[in-house]
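Heads up, structure-v6.pdb below (PDB, C-alpha atoms):
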```
ATOM      1  CA  ARG A1421      -1.457 -35.673  88.691  1.00  0.00           C
ATOM      2  CA  GLY A1422      -4.190 -33.691  86.990  1.00  0.00           C
ATOM      3  CA  MET A1423      -1.696 -31.214  85.469  1.00  0.00           C
ATOM      4  CA  CYS A1424       0.138 -30.806  82.173  1.00  0.00           C
ATOM      5  CA  LEU A1425       2.494 -28.443  80.354  1.00  0.00           C
ATOM      6  CA  VAL A1426       1.572 -27.068  76.926  1.00  0.00           C
ATOM      7  CA  LEU A1427       4.214 -25.547  74.647  1.00  0.00           C
ATOM      8  CA  LYS A1428       2.433 -22.563  73.083  1.00  0.00           C
ATOM      9  CA  PRO A1429       3.827 -21.315  69.747  1.00  0.00           C
ATOM     10  CA  PRO A1430       3.462 -17.708  68.551  1.00  0.00           C
ATOM     11  CA  GLY A1431       0.076 -16.809  67.113  1.00  0.00           C
ATOM     12  CA  TRP A1432      -2.023 -18.858  69.554  1.00  0.00           C
ATOM     13  CA  GLU A1433      -4.087 -17.188  72.255  1.00  0.00           C
ATOM     14  CA  VAL A1434      -4.338 -18.506  75.801  1.00  0.00           C
ATOM     15  CA  ASP A1435      -8.069 -17.819  75.863  1.00  0.00           C
ATOM     16  CA  THR A1436      -9.109 -17.651  79.495  1.00  0.00           C
ATOM     17  CA  GLU A1437     -12.292 -15.811  78.506  1.00  0.00           C
ATOM     18  CA  GLY A1438     -14.061 -14.239  75.558  1.00  0.00           C
ATOM     19  CA  ASP A1439     -13.625 -14.923  71.848  1.00  0.00           C
ATOM     20  CA  SER A1440     -11.027 -12.981  69.873  1.00  0.00           C
ATOM     21  CA  GLY A1441     -11.497 -14.903  66.650  1.00  0.00           C
ATOM     22  CA  ILE A1442      -7.916 -16.233  66.464  1.00  0.00           C
ATOM     23  CA  LEU A1443      -6.349 -19.619  67.234  1.00  0.00           C
ATOM     24  CA  HIS A1444      -7.374 -20.728  70.719  1.00  0.00           C
ATOM     25  CA  LEU A1445      -5.184 -22.922  72.897  1.00  0.00           C
ATOM     26  CA  SER A1446      -8.306 -24.274  74.600  1.00  0.00           C
ATOM     27  CA  GLY A1447      -9.471 -25.740  71.285  1.00  0.00           C
ATOM     28  CA  PHE A1448      -6.178 -27.585  70.925  1.00  0.00           C
ATOM     29  CA  LEU A1449      -6.462 -29.018  74.448  1.00  0.00           C
ATOM     30  CA  GLN A1450     -10.046 -30.139  73.921  1.00  0.00           C
ATOM     31  CA  VAL A1451      -8.875 -32.283  71.003  1.00  0.00           C
ATOM     32  CA  ALA A1452      -5.431 -33.371  72.268  1.00  0.00           C
ATOM     33  CA  LEU A1453      -6.396 -34.505  75.768  1.00  0.00           C
ATOM     34  CA  GLN A1454      -7.853 -37.898  76.541  1.00  0.00           C
ATOM     35  CA  PRO A1455     -11.560 -37.872  77.489  1.00  0.00           C
ATOM     36  CA  SER A1456     -10.626 -38.601  81.113  1.00  0.00           C
ATOM     37  CA  GLN A1457      -8.468 -35.430  81.159  1.00  0.00           C
ATOM     38  CA  ARG A1458     -11.070 -32.990  79.819  1.00  0.00           C
ATOM     39  CA  ALA A1459     -12.890 -32.170  83.052  1.00  0.00           C
ATOM     40  CA  VAL A1460     -11.731 -28.551  82.993  1.00  0.00           C
ATOM     41  CA  ALA A1461     -10.902 -28.114  79.287  1.00  0.00           C
ATOM     42  CA  PHE A1462     -14.505 -27.180  78.403  1.00  0.00           C
ATOM     43  CA  ARG A1463     -15.079 -24.892  81.408  1.00  0.00           C
ATOM     44  CA  PRO A1464     -14.558 -21.169  80.655  1.00  0.00           C
ATOM     45  CA  ASP A1465     -15.517 -20.406  84.265  1.00  0.00           C
ATOM     46  CA  PHE A1466     -12.297 -22.231  85.225  1.00  0.00           C
ATOM     47  CA  SER A1467     -10.254 -20.578  82.439  1.00  0.00           C
ATOM     48  CA  PHE A1468     -10.226 -23.898  80.528  1.00  0.00           C
ATOM     49  CA  GLY A1469      -7.649 -25.116  83.042  1.00  0.00           C
ATOM     50  CA  PHE A1470      -5.027 -22.413  82.330  1.00  0.00           C
ATOM     51  CA  VAL A1471      -3.531 -20.800  85.437  1.00  0.00           C
ATOM     52  CA  HIS A1472      -1.573 -18.084  83.612  1.00  0.00           C
ATOM     53  CA  ARG A1473      -1.255 -16.531  80.172  1.00  0.00           C
ATOM     54  CA  LEU A1474       1.304 -15.564  77.552  1.00  0.00           C
ATOM     55  CA  ASP A1475       0.840 -12.825  74.971  1.00  0.00           C
ATOM     56  CA  THR A1476      -0.331 -14.102  71.593  1.00  0.00           C
ATOM     57  CA  PRO A1477       2.874 -13.158  69.646  1.00  0.00           C
ATOM     58  CA  SER A1478       5.124 -14.984  72.143  1.00  0.00           C
ATOM     59  CA  SER A1479       5.899 -18.636  72.796  1.00  0.00           C
ATOM     60  CA  GLY A1480       6.474 -20.599  75.992  1.00  0.00           C
ATOM     61  CA  LEU A1481       5.197 -23.195  78.430  1.00  0.00           C
ATOM     62  CA  ILE A1482       1.679 -22.920  79.868  1.00  0.00           C
ATOM     63  CA  LEU A1483       0.717 -24.682  83.097  1.00  0.00           C
ATOM     64  CA  THR A1484      -2.673 -26.319  82.775  1.00  0.00           C
ATOM     65  CA  GLY A1485      -4.943 -28.257  85.078  1.00  0.00           C
ATOM     66  CA  THR A1486      -6.589 -31.318  83.549  1.00  0.00           C
ATOM     67  CA  SER A1487      -8.701 -32.037  86.644  1.00  0.00           C
ATOM     68  CA  PHE A1488     -10.308 -29.778  89.233  1.00  0.00           C
ATOM     69  CA  GLU A1489      -7.868 -31.065  91.847  1.00  0.00           C
ATOM     70  CA  GLY A1490      -4.875 -30.327  89.628  1.00  0.00           C
ATOM     71  CA  TYR A1491      -6.226 -26.902  88.698  1.00  0.00           C
ATOM     72  CA  ALA A1492      -6.761 -25.963  92.366  1.00  0.00           C
ATOM     73  CA  CYS A1493      -3.254 -27.174  93.259  1.00  0.00           C
ATOM     74  CA  LEU A1494      -1.670 -25.075  90.495  1.00  0.00           C
ATOM     75  CA  GLU A1495      -3.737 -22.013  91.453  1.00  0.00           C
ATOM     76  CA  MET A1496      -2.625 -22.311  95.082  1.00  0.00           C
ATOM     77  CA  GLN A1497       1.048 -22.577  94.101  1.00  0.00           C
ATOM     78  CA  MET A1498       0.724 -19.669  91.688  1.00  0.00           C
ATOM     79  CA  TYR A1499      -0.822 -17.305  94.221  1.00  0.00           C
ATOM     80  CA  THR A1500       1.629 -18.275  96.986  1.00  0.00           C
ATOM     81  CA  TYR A1501       4.618 -17.645  94.656  1.00  0.00           C
ATOM     82  CA  GLU A1502       5.825 -21.249  94.786  1.00  0.00           C
ATOM     83  CA  ILE A1503       5.906 -21.355  90.973  1.00  0.00           C
ATOM     84  CA  VAL A1504       8.731 -19.399  89.342  1.00  0.00           C
ATOM     85  CA  ARG A1505       8.043 -17.980  85.879  1.00  0.00           C
ATOM     86  CA  GLU A1506      11.112 -16.925  83.899  1.00  0.00           C
ATOM     87  CA  TYR A1507      11.202 -16.105  80.198  1.00  0.00           C
ATOM     88  CA  TYR A1508      14.025 -15.401  77.743  1.00  0.00           C
ATOM     89  CA  VAL A1509      13.587 -12.382  75.509  1.00  0.00           C
ATOM     90  CA  LEU A1510      15.774 -10.691  72.893  1.00  0.00           C
ATOM     91  CA  GLY A1511      15.771  -6.933  73.427  1.00  0.00           C
ATOM     92  CA  ARG A1512      16.806  -4.016  71.252  1.00  0.00           C
ATOM     93  CA  GLY A1513      19.500  -1.968  72.956  1.00  0.00           C
ATOM     94  CA  ALA A1514      22.316  -2.748  75.373  1.00  0.00           C
ATOM     95  CA  ALA A1515      21.405  -3.629  78.952  1.00  0.00           C
ATOM     96  CA  LEU A1516      22.770  -0.949  81.286  1.00  0.00           C
ATOM     97  CA  CYS A1517      23.250  -3.321  84.224  1.00  0.00           C
ATOM     98  CA  SER A1518      23.491  -7.055  84.828  1.00  0.00           C
ATOM     99  CA  GLN A1519      20.328  -7.237  86.962  1.00  0.00           C
ATOM    100  CA  LEU A1520      17.367  -4.957  87.420  1.00  0.00           C
ATOM    101  CA  ASP A1521      14.257  -5.028  89.597  1.00  0.00           C
ATOM    102  CA  VAL A1522      11.304  -3.296  87.942  1.00  0.00           C
ATOM    103  CA  CYS A1523       8.469  -2.399  90.307  1.00  0.00           C
ATOM    104  CA  GLN A1524       6.341  -0.172  88.107  1.00  0.00           C
ATOM    105  CA  HIS A1525       2.538  -0.102  88.182  1.00  0.00           C
ATOM    106  CA  ILE A1526       0.880  -1.060  84.906  1.00  0.00           C
ATOM    107  CA  PHE A1527      -2.317   0.531  83.657  1.00  0.00           C
ATOM    108  CA  ASP A1528      -4.312  -1.683  81.310  1.00  0.00           C
ATOM    109  CA  GLY A1529      -5.721   0.531  78.585  1.00  0.00           C
ATOM    110  CA  ARG A1530      -8.156  -0.497  75.886  1.00  0.00           C
ATOM    111  CA  ALA A1531      -5.568  -0.977  73.111  1.00  0.00           C
ATOM    112  CA  SER A1532      -2.367  -1.430  75.110  1.00  0.00           C
ATOM    113  CA  ALA A1533      -0.872  -1.266  78.589  1.00  0.00           C
ATOM    114  CA  GLN A1534       1.587   1.257  79.989  1.00  0.00           C
ATOM    115  CA  VAL A1535       3.544   2.160  83.090  1.00  0.00           C
ATOM    116  CA  SER A1536       1.404   4.492  85.192  1.00  0.00           C
ATOM    117  CA  GLU A1537       1.018   5.391  88.849  1.00  0.00           C
ATOM    118  CA  HIS A1538      -2.723   4.817  88.338  1.00  0.00           C
ATOM    119  CA  GLY A1539      -2.171   1.182  87.332  1.00  0.00           C
ATOM    120  CA  ARG A1540      -2.002  -2.047  89.309  1.00  0.00           C
ATOM    121  CA  PRO A1541       1.195  -3.143  91.113  1.00  0.00           C
ATOM    122  CA  ALA A1542       3.559  -5.170  88.951  1.00  0.00           C
ATOM    123  CA  ARG A1543       7.019  -6.560  89.636  1.00  0.00           C
ATOM    124  CA  SER A1544       9.606  -8.095  87.304  1.00  0.00           C
ATOM    125  CA  HIS A1545      13.255  -9.058  87.711  1.00  0.00           C
ATOM    126  CA  ILE A1546      15.408  -8.685  84.592  1.00  0.00           C
ATOM    127  CA  ARG A1547      18.748 -10.500  84.358  1.00  0.00           C
ATOM    128  CA  CYS A1548      21.079  -9.829  81.436  1.00  0.00           C
ATOM    129  CA  VAL A1549      22.333 -13.072  79.871  1.00  0.00           C
ATOM    130  CA  ALA A1550      24.237 -11.681  76.878  1.00  0.00           C
ATOM    131  CA  SER A1551      24.725  -8.276  75.304  1.00  0.00           C
ATOM    132  CA  SER A1552      26.088  -6.969  72.019  1.00  0.00           C
ATOM    133  CA  ARG A1553      26.888  -3.317  71.497  1.00  0.00           C
ATOM    134  CA  GLY A1554      27.053  -3.641  67.733  1.00  0.00           C
ATOM    135  CA  GLY A1555      29.934  -4.450  65.446  1.00  0.00           C
ATOM    136  CA  PRO A1556      31.229  -3.718  61.956  1.00  0.00           C
ATOM    137  CA  CYS A1557      29.030  -4.389  58.987  1.00  0.00           C
ATOM    138  CA  VAL A1558      29.678  -4.004  55.275  1.00  0.00           C
ATOM    139  CA  GLU A1559      28.317  -0.886  53.631  1.00  0.00           C
ATOM    140  CA  ASP A1560      25.861  -1.047  50.785  1.00  0.00           C
ATOM    141  CA  ALA A1561      27.521  -2.532  47.669  1.00  0.00           C
ATOM    142  CA  ALA A1562      25.724  -0.127  45.310  1.00  0.00           C
ATOM    143  CA  ALA A1563      27.142   2.878  47.175  1.00  0.00           C
ATOM    144  CA  SER A1564      30.695   1.516  46.910  1.00  0.00           C
ATOM    145  CA  GLU A1565      30.307   0.821  43.190  1.00  0.00           C
ATOM    146  CA  GLU A1566      29.307   4.447  42.575  1.00  0.00           C
ATOM    147  CA  GLN A1567      32.589   5.536  44.159  1.00  0.00           C
ATOM    148  CA  ASP A1568      34.580   2.852  42.266  1.00  0.00           C
ATOM    149  CA  ARG A1569      36.060   1.199  45.365  1.00  0.00           C
ATOM    150  CA  PRO A1570      35.537  -1.992  47.391  1.00  0.00           C
ATOM    151  CA  ALA A1571      32.839  -2.000  50.031  1.00  0.00           C
ATOM    152  CA  GLN A1572      34.211  -0.949  53.419  1.00  0.00           C
ATOM    153  CA  PRO A1573      33.156  -2.039  56.901  1.00  0.00           C
ATOM    154  CA  ARG A1574      31.378   0.596  58.938  1.00  0.00           C
ATOM    155  CA  ALA A1575      30.233   0.828  62.513  1.00  0.00           C
ATOM    156  CA  SER A1576      26.778  -0.476  63.356  1.00  0.00           C
ATOM    157  CA  ARG A1577      24.565   1.457  65.767  1.00  0.00           C
ATOM    158  CA  GLU A1578      22.446  -1.567  66.558  1.00  0.00           C
ATOM    159  CA  ALA A1579      22.831  -3.099  70.003  1.00  0.00           C
ATOM    160  CA  PHE A1580      20.980  -6.115  71.350  1.00  0.00           C
ATOM    161  CA  CYS A1581      20.710  -8.042  74.580  1.00  0.00           C
ATOM    162  CA  GLN A1582      19.293 -11.351  75.705  1.00  0.00           C
ATOM    163  CA  VAL A1583      17.607 -11.210  79.066  1.00  0.00           C
ATOM    164  CA  ALA A1584      15.924 -13.634  81.432  1.00  0.00           C
ATOM    165  CA  ILE A1585      12.900 -11.932  82.955  1.00  0.00           C
ATOM    166  CA  GLN A1586      11.159 -13.354  86.005  1.00  0.00           C
ATOM    167  CA  ILE A1587       7.680 -12.053  86.747  1.00  0.00           C
ATOM    168  CA  PHE A1588       6.077 -12.024  90.180  1.00  0.00           C
ATOM    169  CA  THR A1589       2.731 -10.659  89.005  1.00  0.00           C
ATOM    170  CA  GLY A1590       0.734 -11.365  85.874  1.00  0.00           C
ATOM    171  CA  ARG A1591      -0.406  -8.054  84.446  1.00  0.00           C
ATOM    172  CA  ARG A1592      -1.428  -7.793  80.814  1.00  0.00           C
ATOM    173  CA  HIS A1593       1.646  -7.402  78.598  1.00  0.00           C
ATOM    174  CA  GLN A1594       3.818  -7.098  81.727  1.00  0.00           C
ATOM    175  CA  ILE A1595       7.027  -8.455  80.179  1.00  0.00           C
ATOM    176  CA  ARG A1596       6.764  -6.221  77.129  1.00  0.00           C
ATOM    177  CA  VAL A1597       5.782  -3.108  79.098  1.00  0.00           C
ATOM    178  CA  HIS A1598       8.563  -3.498  81.675  1.00  0.00           C
ATOM    179  CA  MET A1599      11.161  -4.155  78.967  1.00  0.00           C
ATOM    180  CA  GLN A1600      10.017  -1.032  77.128  1.00  0.00           C
ATOM    181  CA  HIS A1601      10.244   0.949  80.361  1.00  0.00           C
ATOM    182  CA  SER A1602      13.805  -0.362  80.866  1.00  0.00           C
ATOM    183  CA  ASP A1603      14.837   0.904  77.386  1.00  0.00           C
ATOM    184  CA  ILE A1604      15.328  -2.609  75.987  1.00  0.00           C
ATOM    185  CA  PRO A1605      12.050  -3.256  74.116  1.00  0.00           C
ATOM    186  CA  SER A1606      11.503  -6.692  72.646  1.00  0.00           C
ATOM    187  CA  ILE A1607      12.975  -6.885  69.159  1.00  0.00           C
ATOM    188  CA  ALA A1608       9.969  -8.769  67.786  1.00  0.00           C
ATOM    189  CA  ASP A1609       7.359  -6.457  69.269  1.00  0.00           C
ATOM    190  CA  GLY A1610       5.333  -4.266  66.943  1.00  0.00           C
ATOM    191  CA  ARG A1611       3.287  -2.695  69.728  1.00  0.00           C
ATOM    192  CA  TYR A1612       5.830  -1.878  72.423  1.00  0.00           C
ATOM    193  CA  GLY A1613       9.051  -2.033  70.396  1.00  0.00           C
ATOM    194  CA  LEU A1614      10.852   0.477  68.209  1.00  0.00           C
ATOM    195  CA  ASN A1615      10.250  -1.354  64.950  1.00  0.00           C
ATOM    196  CA  PRO A1616       6.667  -1.801  63.719  1.00  0.00           C
ATOM    197  CA  THR A1617       7.579  -5.104  62.043  1.00  0.00           C
ATOM    198  CA  ILE A1618       6.584  -8.355  63.728  1.00  0.00           C
ATOM    199  CA  PHE A1619       9.344 -10.885  62.996  1.00  0.00           C
ATOM    200  CA  LEU A1620       7.461 -13.914  64.345  1.00  0.00           C
ATOM    201  CA  ARG A1621       4.874 -15.009  61.840  1.00  0.00           C
ATOM    202  CA  PRO A1622       2.078 -17.309  63.096  1.00  0.00           C
ATOM    203  CA  SER A1623       1.758 -18.939  59.663  1.00  0.00           C
ATOM    204  CA  SER A1624       5.305 -20.291  59.837  1.00  0.00           C
ATOM    205  CA  VAL A1625       4.940 -22.200  63.114  1.00  0.00           C
ATOM    206  CA  GLY A1626       3.320 -25.499  64.007  1.00  0.00           C
ATOM    207  CA  ARG A1627       0.662 -26.511  66.456  1.00  0.00           C
ATOM    208  CA  PRO A1628       1.240 -26.530  70.219  1.00  0.00           C
ATOM    209  CA  ARG A1629       2.768 -29.609  71.789  1.00  0.00           C
ATOM    210  CA  ARG A1630       1.512 -31.151  75.012  1.00  0.00           C
ATOM    211  CA  ARG A1631       3.935 -32.363  77.668  1.00  0.00           C
ATOM    212  CA  GLY A1632       2.902 -34.398  80.636  1.00  0.00           C
TER
END
```

In structure tokens, write the structure found in this file.
Amino acid sequence: RGMCLVLKPPGWEVDTEGDSGILHLSGFLQVALQPSQRAVAFRPDFSFGFVHRLDTPSSGLILTGTSFEGYACLEMQMYTYEIVREYYVLGRGAALCSQLDVCQHIFDGRASAQVSEHGRPARSHIRCVASSRGGPCVEDAAASEEQDRPAQPRASREAFCQVAIQIFTGRRHQIRVHMQHSDIPSIADGRYGLNPTIFLRPSSVGRPRRRG
């Protein structure tokens, strides 16, 4: 009672404070919720009801309080570690072990965050779900035509892994920073990944959906 789940798509910001000028999840809630459920939705001093965040390029479920009682209950469970947060991420590179505990401090810089002994404590648990070390792929057809022979398969250097990452703290960009530190940066990450291209395009996704 007094709580709901919001499915946040990529490109929407969980705006607990400030104004970044992009799509705000609070604005969606203020329209989608019934008037009787908007007690916290217009209160920036209560983070609009959100008890945690997700980075703007990512998608996932957001726990939200729709009443002050529900918000306080979620906050208590969050800070006593009764709520488990686990996310699935596709990483670039092969996971070196099936499970990994990452307890690296994260320093929140102005433009990005990074692992640093001067940062705040952060803990994540990474579990490898699937891994691919690369396979054969067909060489460029134009190159084979120049040599007057059929295209031949060649080895691919690309390796990928799917991981489930559970976070015990909520530092800024924690999932992305800890995956980068573990040499399996998110494949769709232009800031902390190896490829500057962002594969998830906000213009190609719909609006958030409310559950509960």

Once the PyMOL selection byres ((chain A and resi 1466) around 10) is applied to the coordinates I shared, what remains selected? I want it as JSON, numbers by chain.
{"A": [1436, 1437, 1460, 1461, 1462, 1463, 1464, 1465, 1467, 1468, 1469, 1470, 1471, 1485, 1488, 1491, 1492]}

Serialized selection, C-alpha atoms, as a PDB file, in the coordinates of the input:
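The resulting file, result39.pdb, is reproduced below:
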```pdb
ATOM      1  CA  THR A1436      -9.109 -17.651  79.495  1.00  0.00           C
ATOM      2  CA  GLU A1437     -12.292 -15.811  78.506  1.00  0.00           C
ATOM      3  CA  VAL A1460     -11.731 -28.551  82.993  1.00  0.00           C
ATOM      4  CA  ALA A1461     -10.902 -28.114  79.287  1.00  0.00           C
ATOM      5  CA  PHE A1462     -14.505 -27.180  78.403  1.00  0.00           C
ATOM      6  CA  ARG A1463     -15.079 -24.892  81.408  1.00  0.00           C
ATOM      7  CA  PRO A1464     -14.558 -21.169  80.655  1.00  0.00           C
ATOM      8  CA  ASP A1465     -15.517 -20.406  84.265  1.00  0.00           C
ATOM      9  CA  SER A1467     -10.254 -20.578  82.439  1.00  0.00           C
ATOM     10  CA  PHE A1468     -10.226 -23.898  80.528  1.00  0.00           C
ATOM     11  CA  GLY A1469      -7.649 -25.116  83.042  1.00  0.00           C
ATOM     12  CA  PHE A1470      -5.027 -22.413  82.330  1.00  0.00           C
ATOM     13  CA  VAL A1471      -3.531 -20.800  85.437  1.00  0.00           C
ATOM     14  CA  GLY A1485      -4.943 -28.257  85.078  1.00  0.00           C
ATOM     15  CA  PHE A1488     -10.308 -29.778  89.233  1.00  0.00           C
ATOM     16  CA  TYR A1491      -6.226 -26.902  88.698  1.00  0.00           C
ATOM     17  CA  ALA A1492      -6.761 -25.963  92.366  1.00  0.00           C
TER      18      ALA A1492
END
```

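Across the model, the gap from CA of Gly1480 (chain A) to CA of Leu1427 (chain A) is 5.6 Å.
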
Atomic separation - CA of His1472 (chain A) relative to CA of Pro1455 (chain A), Å
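Pair CA of Pro1455 (chain A) / CA of His1472 (chain A) returns 23.0 Å.
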
Under the PyMOL selection byres ((chain A and resi 1500-1502) around 12), which residues of this model are included? Write them out as a PDB file with C-alpha atoms, in the frame of the given file.
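Writing done, so here's out13.pdb:
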```
ATOM      1  CA  CYS A1493      -3.254 -27.174  93.259  1.00  0.00           C
ATOM      2  CA  LEU A1494      -1.670 -25.075  90.495  1.00  0.00           C
ATOM      3  CA  GLU A1495      -3.737 -22.013  91.453  1.00  0.00           C
ATOM      4  CA  MET A1496      -2.625 -22.311  95.082  1.00  0.00           C
ATOM      5  CA  GLN A1497       1.048 -22.577  94.101  1.00  0.00           C
ATOM      6  CA  MET A1498       0.724 -19.669  91.688  1.00  0.00           C
ATOM      7  CA  TYR A1499      -0.822 -17.305  94.221  1.00  0.00           C
ATOM      8  CA  ILE A1503       5.906 -21.355  90.973  1.00  0.00           C
ATOM      9  CA  VAL A1504       8.731 -19.399  89.342  1.00  0.00           C
ATOM     10  CA  ARG A1505       8.043 -17.980  85.879  1.00  0.00           C
ATOM     11  CA  GLN A1586      11.159 -13.354  86.005  1.00  0.00           C
ATOM     12  CA  ILE A1587       7.680 -12.053  86.747  1.00  0.00           C
ATOM     13  CA  PHE A1588       6.077 -12.024  90.180  1.00  0.00           C
ATOM     14  CA  THR A1589       2.731 -10.659  89.005  1.00  0.00           C
ATOM     15  CA  GLY A1590       0.734 -11.365  85.874  1.00  0.00           C
TER      16      GLY A1590
END
```

Shortest contact to Arg1473 (chain A), candidates A:Ala1550, A:Val1434, A:Val1583, A:Leu1510, atoms counted only C-alpha atoms, goes to A:Val1434

For Asp1609 (chain A), the closest of A:Ser1552, A:Thr1476, A:Gln1524, A:Gln1457 counting all atoms listed in the file is A:Thr1476

Straight-line distance linking CA of Ala1531 (chain A) with CA of Pro1605 (chain A), stated in Å to one decimal:
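If I compute the distance from CA of Ala1531 (chain A) to CA of Pro1605 (chain A), I get 17.8 Å.
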
Point out the residue among A:His1601, A:Arg1591, A:Arg1553, A:His1538 with the least atom-to-atom distance to Ala1514 (chain A), counting only C-alpha atoms.
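Nearest candidate to Ala1514 (chain A) out of A:His1601, A:Arg1591, A:Arg1553, A:His1538: A:Arg1553.
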
Axis-aligned box for all listed atoms of region 1598-1616 of chain A, 6 Å per side, centre and edges in Å to one decimal, as AutoDock Vina command-line options:
```
--center_x 9.3 --center_y -3.9 --center_z 72.7 --size_x 24.0 --size_y 21.7 --size_z 30.0
```

Nearest to Leu1520 (chain A) among A:Glu1489, A:Asp1603, A:Asp1435, A:Glu1578, with distances taken over all atoms listed in the file: which residue is it?
A:Asp1603

Identify all residues satisfying the PyMOL selection byres ((chain A and resi 1593) around 9) in the given file; provide them as number ranges by chain.
A: 1474-1475, 1526, 1528, 1532-1534, 1590-1592, 1594-1598

Residue nearest Gln1450 (chain A) - candidates A:Thr1486, A:Ser1544, A:Pro1429, A:Gln1600, atoms counted: only C-alpha atoms:
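Smallest distance to Gln1450 (chain A) is found for A:Thr1486.
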
Under the rule that all atoms listed in the file are counted, which of A:Leu1445, A:Ile1482, A:Ala1579, A:Leu1516 is the nearest residue to Val1426 (chain A)?
A:Ile1482
